[in-house]
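K.L.:
After the structure tokens below, expect a handful of questions from me.
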There are 2 protein chains.
Amino acid sequence: MKKISESTIRRLSKYYRSLEQLIERNTDTVSSDQLAEMDGITSAQVRKDLSFFGTFGKRGLGYNTKALKEQLGEILGLDKRWRVAIVGAGNIGRALVNYGEFKKQGFNVCLIMDSDHSKVGEKILDLEVKSTDDLSELVQAENIDIAIIAIPSDAAQRVSDELMDAGIRAILNFAPISIKSRPNVMVKNENTAIEIEALSYFLSKR
Amino acid sequence: MKKISESTIRRLSKYYRSLEQLIERNTDTVSSDQLAEMDGITSAQVRKDLSFFGTFGKRGLGYNTKALKEQLGEILGLDKRWRVAIVGAGNIGRALVNYGEFKKQGFNVCLIMDSDHSKVGEKILDLEVKSTDDLSELVQAENIDIAIIAIPSDAAQRVSDELMDAGIRAILNFAPISIKSRPNVMVKNENTAIEIEALSYFLSKR
């Protein structure tokens, strides 16, 4: 399979959401023009993105919404259940345990840990906060696929290294530093400052 | 000025951060190859992105880190102070009030509102939670530039409309729905599910 850019994957996720909305509204088919308009891009981009993964839809007839959603879901791995651990039981960690979208898309948060012993044992929804002292054992016992870093910057690299040592190959990082990754590990940095900077660019250039 | 894509702006924000790191390490110059490596892209992409905004650096000598950081900061509007309001005093709203990166980059959270009257009057850091009943007056009195939506999906569009009615032209939306924007308004949707889906794609394709 060709190397697919992160931007393409991001757009596939957006198409997936647009298709969900269309299906909710009982819309059976959609053109690349309509998908493009929903996502604020060109229809040529939509067709190009989808062409990476084979032929979808019929010329002039558009795409079948349910079939396309299912195919995109398979490409994105949303047909699987993923076991997710959160490191950090602060505001971000709590928000993520409560984040309904994760469960809906097959991301099952089954472990939350914190280094602060006063938080250990506390319940967030039906999850008990565990100690990061036992990180490696917990991650392995719970068969974690994806770890989320929701702790301050100064500890983020050390904890990521521990996670990778424990066999984790996918990390979503909320700490505002770039985590050094390893071969065969993917780290996504979630940086809200970057999103808000697009707004500041927009407001400045006028 | 040419139309700059969102992906370009996103990469400029990343270069800005890489330059900050280099300056912290007392590095005076950087090549496009080095910047590319720090951000996991090609040096041709780096040169192309920077070329949109004029000529930076000298062939063979690389870029002066401080000068380039300053120029990127100006492009991104980070040389200004922006007044930010948060709607929603739940976990995400609280996390954002506490998010040091915002203040560091010139985003000053000066208003937080909630529709839940039991939260109104509560203090988060030095901010008192206000009622969304007074949204329009508060947004105008505080001269808000950017609003952040940190409330459940079902109220997100209505509140966004109220914000746009009150003159807000930049919205960062954390609710997992696409907000319908208006001409001359920019809405950025921050969707953590999209980030984690890139990881699920990565784990599935192996």
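Going by the structure tokens order, chains are called A, B, ..., each with residues numbered from 1, while ligands are numbered from 1 in the order shown.
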Got a sec to pull out which chain B residues are within 6 Å of chain A, counting only C-alpha atoms, and send them as a ChimeraX atom specification?
P.N.:
/B:13,76-77,91-92,95,170,194,199-201,204
K.L.:
Could the residues in this selection be saved with N, CA and C atoms as a PDB file, in the first residue's frame?
P.N.:
```pdb
ATOM      1  N   SER B  13       2.957  26.564  12.645  1.00  0.00           N
ATOM      2  CA  SER B  13       2.893  26.477  14.110  1.00  0.00           C
ATOM      3  C   SER B  13       3.916  25.478  14.636  1.00  0.00           C
ATOM      4  N   LEU B  76       1.620  34.326  12.256  1.00  0.00           N
ATOM      5  CA  LEU B  76       0.579  33.600  12.990  1.00  0.00           C
ATOM      6  C   LEU B  76      -0.204  34.508  13.940  1.00  0.00           C
ATOM      7  N   GLY B  77       0.178  35.773  14.024  1.00  0.00           N
ATOM      8  CA  GLY B  77      -0.526  36.689  14.921  1.00  0.00           C
ATOM      9  C   GLY B  77      -0.165  36.498  16.384  1.00  0.00           C
ATOM     10  N   ASN B  91     -14.834  19.618  32.522  1.00  0.00           N
ATOM     11  CA  ASN B  91     -13.435  19.192  32.541  1.00  0.00           C
ATOM     12  C   ASN B  91     -12.596  19.873  31.463  1.00  0.00           C
ATOM     13  N   ILE B  92     -13.158  19.982  30.244  1.00  0.00           N
ATOM     14  CA  ILE B  92     -12.365  20.586  29.163  1.00  0.00           C
ATOM     15  C   ILE B  92     -12.145  22.070  29.437  1.00  0.00           C
ATOM     16  N   ALA B  95      -9.570  22.454  32.120  1.00  0.00           N
ATOM     17  CA  ALA B  95      -8.229  22.121  31.606  1.00  0.00           C
ATOM     18  C   ALA B  95      -7.672  23.294  30.804  1.00  0.00           C
ATOM     19  N   ALA B 170     -14.066  34.096  15.499  1.00  0.00           N
ATOM     20  CA  ALA B 170     -13.135  32.962  15.579  1.00  0.00           C
ATOM     21  C   ALA B 170     -13.580  32.046  16.705  1.00  0.00           C
ATOM     22  N   ILE B 194     -10.528  12.272  16.041  1.00  0.00           N
ATOM     23  CA  ILE B 194      -9.806  12.241  14.764  1.00  0.00           C
ATOM     24  C   ILE B 194      -8.323  11.942  14.982  1.00  0.00           C
ATOM     25  N   LEU B 199      -4.043   6.845  14.966  1.00  0.00           N
ATOM     26  CA  LEU B 199      -3.330   5.765  15.655  1.00  0.00           C
ATOM     27  C   LEU B 199      -3.965   4.420  15.325  1.00  0.00           C
ATOM     28  N   SER B 200      -5.279   4.402  15.274  1.00  0.00           N
ATOM     29  CA  SER B 200      -5.948   3.142  14.980  1.00  0.00           C
ATOM     30  C   SER B 200      -5.654   2.714  13.549  1.00  0.00           C
ATOM     31  N   TYR B 201      -5.560   3.684  12.629  1.00  0.00           N
ATOM     32  CA  TYR B 201      -5.145   3.387  11.253  1.00  0.00           C
ATOM     33  C   TYR B 201      -3.756   2.762  11.256  1.00  0.00           C
ATOM     34  N   SER B 204      -3.766  -0.745  12.624  1.00  0.00           N
ATOM     35  CA  SER B 204      -4.508  -1.724  11.797  1.00  0.00           C
ATOM     36  C   SER B 204      -3.747  -2.168  10.579  1.00  0.00           C
TER      37      SER B 204
END
```
K.L.:
Any chance you could lay chain B over chain A, fitting all C-alpha atoms in order by least squares, and write the moved chain as a short mmCIF file (atom, residue, chain, number, x, y, z; two decimals) with C-alpha atoms, in the first residue's frame?
P.N.:
```cif
data_model
loop_
_atom_site.label_atom_id
_atom_site.label_comp_id
_atom_site.auth_asym_id
_atom_site.auth_seq_id
_atom_site.Cartn_x
_atom_site.Cartn_y
_atom_site.Cartn_z
CA MET B 1 -0.01 -0.04 -0.02
CA LYS B 2 1.24 3.43 -0.87
CA LYS B 3 2.39 5.73 1.92
CA ILE B 4 -0.65 7.71 2.96
CA SER B 5 -0.08 11.14 4.48
CA GLU B 6 -1.37 12.16 7.87
CA SER B 7 -3.48 14.84 6.18
CA THR B 8 -5.21 12.17 4.09
CA ILE B 9 -5.98 10.06 7.16
CA ARG B 10 -7.32 13.17 8.91
CA ARG B 11 -9.62 13.85 5.96
CA LEU B 12 -10.81 10.21 5.86
CA SER B 13 -11.85 10.65 9.51
CA LYS B 14 -13.80 13.74 8.52
CA TYR B 15 -15.50 11.99 5.60
CA TYR B 16 -16.41 9.20 8.01
CA ARG B 17 -18.14 11.74 10.27
CA SER B 18 -19.91 13.44 7.38
CA LEU B 19 -21.18 10.03 6.23
CA GLU B 20 -22.48 9.34 9.75
CA GLN B 21 -24.42 12.60 9.61
CA LEU B 22 -25.83 11.78 6.17
CA ILE B 23 -26.90 8.30 7.31
CA GLU B 24 -28.63 9.83 10.35
CA ARG B 25 -30.57 12.01 7.90
CA ASN B 26 -31.47 8.89 5.85
CA THR B 27 -29.39 10.02 2.85
CA ASP B 28 -28.45 6.95 0.76
CA THR B 29 -25.99 8.42 -1.75
CA VAL B 30 -23.56 11.31 -1.76
CA SER B 31 -21.43 12.89 -4.51
CA SER B 32 -17.81 13.89 -4.06
CA ASP B 33 -19.03 17.50 -4.48
CA GLN B 34 -21.35 17.15 -1.50
CA LEU B 35 -18.70 15.50 0.67
CA ALA B 36 -16.27 18.21 -0.35
CA GLU B 37 -18.72 20.94 0.60
CA MET B 38 -19.43 19.37 4.01
CA ASP B 39 -15.72 19.30 4.76
CA GLY B 40 -14.76 22.60 3.15
CA ILE B 41 -12.36 21.15 0.55
CA THR B 42 -12.40 20.49 -3.21
CA SER B 43 -14.17 17.50 -4.78
CA ALA B 44 -10.92 16.66 -6.60
CA GLN B 45 -9.29 16.24 -3.18
CA VAL B 46 -12.10 13.92 -2.04
CA ARG B 47 -11.76 11.76 -5.15
CA LYS B 48 -7.97 11.70 -4.82
CA ASP B 49 -8.11 10.69 -1.15
CA LEU B 50 -10.55 7.87 -1.80
CA SER B 51 -8.62 6.66 -4.86
CA PHE B 52 -5.68 5.65 -2.62
CA PHE B 53 -7.78 2.84 -1.28
CA GLY B 54 -9.38 1.48 -4.41
CA THR B 55 -12.49 2.37 -6.34
CA PHE B 56 -15.48 3.61 -4.42
CA GLY B 57 -18.78 4.64 -5.97
CA LYS B 58 -19.91 4.71 -9.57
CA ARG B 59 -19.29 7.60 -11.94
CA GLY B 60 -22.36 9.83 -12.00
CA LEU B 61 -24.13 7.93 -9.23
CA GLY B 62 -22.09 9.07 -6.27
CA TYR B 63 -21.19 6.93 -3.30
CA ASN B 64 -23.47 4.73 -1.27
CA THR B 65 -23.22 6.36 2.18
CA LYS B 66 -23.46 3.15 4.23
CA ALA B 67 -21.01 1.19 2.09
CA LEU B 68 -18.50 4.03 1.99
CA LYS B 69 -18.76 4.58 5.75
CA GLU B 70 -18.13 0.89 6.32
CA GLN B 71 -15.12 0.84 3.99
CA LEU B 72 -13.62 3.97 5.56
CA GLY B 73 -14.25 2.48 9.01
CA GLU B 74 -12.28 -0.61 8.02
CA ILE B 75 -9.43 1.48 6.61
CA LEU B 76 -9.29 3.53 9.81
CA GLY B 77 -9.45 0.42 12.00
CA LEU B 78 -12.78 1.47 13.51
CA ASP B 79 -14.20 -2.01 12.96
CA LYS B 80 -11.91 -3.16 15.80
CA ARG B 81 -12.10 -2.50 19.56
CA TRP B 82 -9.01 -0.78 20.93
CA ARG B 83 -7.99 -0.86 24.57
CA VAL B 84 -6.90 2.57 25.75
CA ALA B 85 -4.97 3.66 28.86
CA ILE B 86 -4.82 7.25 30.10
CA VAL B 87 -1.82 8.46 32.10
CA GLY B 88 -2.87 11.44 34.22
CA ALA B 89 -6.12 11.81 36.18
CA GLY B 90 -6.24 15.62 35.96
CA ASN B 91 -8.77 17.67 34.02
CA ILE B 92 -7.75 16.32 30.61
CA GLY B 93 -7.67 12.69 31.78
CA ARG B 94 -11.10 13.08 33.36
CA ALA B 95 -12.53 14.77 30.28
CA LEU B 96 -11.29 11.86 28.16
CA VAL B 97 -12.80 9.18 30.41
CA ASN B 98 -16.11 11.01 29.99
CA TYR B 99 -15.67 11.52 26.23
CA GLY B 100 -18.52 9.60 24.57
CA GLU B 101 -17.00 9.77 21.07
CA PHE B 102 -14.22 7.37 22.09
CA LYS B 103 -16.53 4.56 23.08
CA LYS B 104 -18.74 5.17 20.05
CA GLN B 105 -15.78 4.69 17.67
CA GLY B 106 -14.43 1.60 19.41
CA PHE B 107 -11.88 3.17 21.75
CA ASN B 108 -12.44 1.59 25.13
CA VAL B 109 -10.75 3.46 27.98
CA CYS B 110 -10.04 0.65 30.43
CA LEU B 111 -7.19 2.05 32.53
CA ILE B 112 -6.35 5.42 34.08
CA MET B 113 -3.21 6.00 36.11
CA ASP B 114 -1.70 8.86 38.10
CA SER B 115 1.56 9.39 39.98
CA ASP B 116 -0.26 11.34 42.70
CA HIS B 117 -0.99 8.81 45.45
CA SER B 118 -3.86 10.93 46.78
CA LYS B 119 -5.70 10.30 43.48
CA VAL B 120 -5.06 6.55 43.41
CA GLY B 121 -8.22 4.61 44.29
CA GLU B 122 -10.51 7.48 43.31
CA LYS B 123 -13.33 6.55 40.89
CA ILE B 124 -13.91 8.32 37.55
CA LEU B 125 -17.11 6.89 36.11
CA ASP B 126 -16.56 3.15 36.68
CA LEU B 127 -12.74 3.34 36.48
CA GLU B 128 -10.56 3.30 39.56
CA VAL B 129 -7.40 5.41 39.30
CA LYS B 130 -4.29 3.21 39.51
CA SER B 131 -0.72 4.15 40.38
CA THR B 132 1.84 4.82 37.64
CA ASP B 133 4.28 2.91 39.90
CA ASP B 134 2.73 -0.22 38.34
CA LEU B 135 2.53 1.19 34.81
CA SER B 136 4.31 -1.62 33.01
CA GLU B 137 2.42 -4.45 34.74
CA LEU B 138 -0.96 -2.70 34.35
CA VAL B 139 -0.46 -1.92 30.66
CA GLN B 140 0.44 -5.52 29.96
CA ALA B 141 -2.28 -7.05 32.16
CA GLU B 142 -4.93 -4.87 30.50
CA ASN B 143 -3.63 -5.58 26.96
CA ILE B 144 -3.46 -1.87 26.17
CA ASP B 145 -3.20 -0.90 22.49
CA ILE B 146 -3.12 2.90 22.75
CA ALA B 147 -1.86 5.13 25.57
CA ILE B 148 -2.82 8.75 26.15
CA ILE B 149 -0.40 11.12 27.89
CA ALA B 150 -2.31 13.70 29.94
CA ILE B 151 0.40 14.82 32.36
CA PRO B 152 2.69 17.88 32.54
CA SER B 153 5.53 18.25 30.02
CA ASP B 154 8.37 17.50 32.40
CA ALA B 155 7.28 13.88 32.95
CA ALA B 156 5.88 13.20 29.46
CA GLN B 157 9.00 11.80 27.77
CA ARG B 158 9.93 9.57 30.70
CA VAL B 159 6.43 8.11 30.92
CA SER B 160 6.32 7.65 27.12
CA ASP B 161 9.58 5.71 27.31
CA GLU B 162 8.10 3.50 30.03
CA LEU B 163 5.02 2.92 27.88
CA MET B 164 7.13 2.02 24.83
CA ASP B 165 9.27 -0.28 27.02
CA ALA B 166 6.02 -1.97 28.06
CA GLY B 167 5.22 -2.63 24.39
CA ILE B 168 2.91 0.29 23.54
CA ARG B 169 3.13 1.26 19.86
CA ALA B 170 0.58 4.09 19.69
CA ILE B 171 0.62 7.20 21.88
CA LEU B 172 -1.61 10.26 21.85
CA ASN B 173 0.23 13.04 23.66
CA PHE B 174 -1.53 16.03 25.22
CA ALA B 175 1.59 17.44 26.90
CA PRO B 176 2.82 20.52 25.02
CA ILE B 177 6.16 18.99 24.03
CA SER B 178 7.17 16.73 21.14
CA ILE B 179 7.65 13.18 22.35
CA LYS B 180 10.65 11.35 20.84
CA SER B 181 9.26 8.25 19.23
CA ARG B 182 10.91 4.95 18.25
CA PRO B 183 10.79 2.84 15.09
CA ASN B 184 7.41 1.10 14.76
CA VAL B 185 5.80 3.42 17.28
CA MET B 186 3.44 6.23 16.32
CA VAL B 187 3.11 9.30 18.51
CA LYS B 188 0.42 11.87 17.72
CA ASN B 189 0.80 15.19 19.46
CA GLU B 190 -2.53 16.80 20.32
CA ASN B 191 -1.72 20.44 20.73
CA THR B 192 -4.61 22.78 21.33
CA ALA B 193 -2.31 25.77 21.02
CA ILE B 194 -1.77 24.83 17.36
CA GLU B 195 -5.51 24.85 16.71
CA ILE B 196 -6.01 28.24 18.31
CA GLU B 197 -3.07 29.64 16.32
CA ALA B 198 -4.99 28.98 13.10
CA LEU B 199 -7.65 31.32 14.52
CA SER B 200 -5.11 33.94 15.47
CA TYR B 201 -3.68 33.74 11.93
CA PHE B 202 -7.18 34.20 10.55
CA LEU B 203 -7.92 37.21 12.78
CA SER B 204 -4.53 38.85 12.08
CA LYS B 205 -4.47 38.68 8.32
CA ARG B 206 -7.57 40.88 7.91
#
```
K.L.:
Would you please give, as a ChimeraX atom specification, all residues of region 49-180 of chain A that DSSP assigns to strand (DSSP E) based on the backbone?
P.N.:
/A:63-64,82-87,107-114,123-124,127-131,146-149,170-173
K.L.:
Could you turn the residues from that selection into a file that holds N, CA and C atoms, as an mmCIF file, in the first residue's frame?
P.N.:
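Final output, selection38.cif:
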```cif
data_model
loop_
_atom_site.group_PDB
_atom_site.id
_atom_site.type_symbol
_atom_site.label_atom_id
_atom_site.label_comp_id
_atom_site.auth_asym_id
_atom_site.auth_seq_id
_atom_site.Cartn_x
_atom_site.Cartn_y
_atom_site.Cartn_z
ATOM 1 N N TYR A 63 -21.599 8.031 -4.190
ATOM 2 C CA TYR A 63 -21.213 6.940 -3.307
ATOM 3 C C TYR A 63 -22.410 6.500 -2.491
ATOM 4 N N ASN A 64 -22.487 5.207 -2.236
ATOM 5 C CA ASN A 64 -23.474 4.713 -1.277
ATOM 6 C C ASN A 64 -22.946 5.047 0.121
ATOM 7 N N TRP A 82 -10.345 -1.098 20.447
ATOM 8 C CA TRP A 82 -8.997 -0.799 20.918
ATOM 9 C C TRP A 82 -9.038 -0.548 22.418
ATOM 10 N N ARG A 83 -8.043 -1.080 23.117
ATOM 11 C CA ARG A 83 -7.978 -0.879 24.567
ATOM 12 C C ARG A 83 -7.038 0.302 24.857
ATOM 13 N N VAL A 84 -7.577 1.285 25.573
ATOM 14 C CA VAL A 84 -6.889 2.564 25.752
ATOM 15 C C VAL A 84 -6.572 2.791 27.231
ATOM 16 N N ALA A 85 -5.349 3.241 27.508
ATOM 17 C CA ALA A 85 -4.967 3.652 28.862
ATOM 18 C C ALA A 85 -4.696 5.145 28.875
ATOM 19 N N ILE A 86 -5.104 5.812 29.932
ATOM 20 C CA ILE A 86 -4.815 7.237 30.103
ATOM 21 C C ILE A 86 -3.831 7.393 31.248
ATOM 22 N N VAL A 87 -2.747 8.125 31.024
ATOM 23 C CA VAL A 87 -1.829 8.447 32.111
ATOM 24 C C VAL A 87 -2.089 9.893 32.514
ATOM 25 N N PHE A 107 -13.009 2.920 20.863
ATOM 26 C CA PHE A 107 -11.868 3.151 21.753
ATOM 27 C C PHE A 107 -12.338 3.016 23.196
ATOM 28 N N ASN A 108 -11.933 1.916 23.809
ATOM 29 C CA ASN A 108 -12.436 1.564 25.128
ATOM 30 C C ASN A 108 -11.412 1.938 26.198
ATOM 31 N N VAL A 109 -11.674 3.025 26.919
ATOM 32 C CA VAL A 109 -10.741 3.447 27.979
ATOM 33 C C VAL A 109 -10.903 2.485 29.151
ATOM 34 N N CYS A 110 -9.892 1.653 29.400
ATOM 35 C CA CYS A 110 -10.040 0.633 30.447
ATOM 36 C C CYS A 110 -9.007 0.772 31.544
ATOM 37 N N LEU A 111 -8.208 1.847 31.501
ATOM 38 C CA LEU A 111 -7.187 2.036 32.548
ATOM 39 C C LEU A 111 -6.868 3.521 32.646
ATOM 40 N N ILE A 112 -6.856 4.052 33.863
ATOM 41 C CA ILE A 112 -6.361 5.415 34.086
ATOM 42 C C ILE A 112 -5.402 5.377 35.272
ATOM 43 N N MET A 113 -4.275 6.045 35.106
ATOM 44 C CA MET A 113 -3.223 6.002 36.129
ATOM 45 C C MET A 113 -2.789 7.413 36.485
ATOM 46 N N ASP A 114 -2.281 7.567 37.696
ATOM 47 C CA ASP A 114 -1.716 8.858 38.107
ATOM 48 C C ASP A 114 -0.550 8.601 39.058
ATOM 49 N N LYS A 123 -12.576 7.084 42.024
ATOM 50 C CA LYS A 123 -13.325 6.551 40.882
ATOM 51 C C LYS A 123 -13.678 7.671 39.885
ATOM 52 N N ILE A 124 -13.454 7.409 38.610
ATOM 53 C CA ILE A 124 -13.910 8.312 37.539
ATOM 54 C C ILE A 124 -14.812 7.456 36.655
ATOM 55 N N LEU A 127 -14.182 3.650 36.467
ATOM 56 C CA LEU A 127 -12.753 3.322 36.477
ATOM 57 C C LEU A 127 -12.098 3.791 37.766
ATOM 58 N N GLU A 128 -11.307 2.900 38.382
ATOM 59 C CA GLU A 128 -10.561 3.283 39.570
ATOM 60 C C GLU A 128 -9.176 3.751 39.133
ATOM 61 N N VAL A 129 -8.741 4.899 39.643
ATOM 62 C CA VAL A 129 -7.406 5.412 39.298
ATOM 63 C C VAL A 129 -6.341 4.501 39.914
ATOM 64 N N LYS A 130 -5.402 4.064 39.069
ATOM 65 C CA LYS A 130 -4.307 3.205 39.524
ATOM 66 C C LYS A 130 -3.012 4.013 39.595
ATOM 67 N N SER A 131 -2.010 3.439 40.249
ATOM 68 C CA SER A 131 -0.734 4.144 40.404
ATOM 69 C C SER A 131 0.186 3.906 39.218
ATOM 70 N N ILE A 146 -3.381 1.461 22.970
ATOM 71 C CA ILE A 146 -3.111 2.882 22.762
ATOM 72 C C ILE A 146 -3.018 3.557 24.133
ATOM 73 N N ALA A 147 -1.973 4.379 24.324
ATOM 74 C CA ALA A 147 -1.849 5.111 25.586
ATOM 75 C C ALA A 147 -2.003 6.600 25.323
ATOM 76 N N ILE A 148 -2.636 7.294 26.261
ATOM 77 C CA ILE A 148 -2.811 8.742 26.153
ATOM 78 C C ILE A 148 -2.047 9.410 27.285
ATOM 79 N N ILE A 149 -1.199 10.363 26.931
ATOM 80 C CA ILE A 149 -0.395 11.111 27.902
ATOM 81 C C ILE A 149 -1.144 12.388 28.258
ATOM 82 N N ALA A 170 1.416 2.946 20.142
ATOM 83 C CA ALA A 170 0.601 4.079 19.689
ATOM 84 C C ALA A 170 0.320 4.982 20.884
ATOM 85 N N ILE A 171 0.747 6.243 20.780
ATOM 86 C CA ILE A 171 0.622 7.190 21.894
ATOM 87 C C ILE A 171 -0.012 8.481 21.390
ATOM 88 N N LEU A 172 -1.015 8.941 22.116
ATOM 89 C CA LEU A 172 -1.605 10.256 21.853
ATOM 90 C C LEU A 172 -1.155 11.165 22.989
ATOM 91 N N ASN A 173 -0.411 12.198 22.641
ATOM 92 C CA ASN A 173 0.240 13.038 23.652
ATOM 93 C C ASN A 173 -0.421 14.405 23.776
#
```
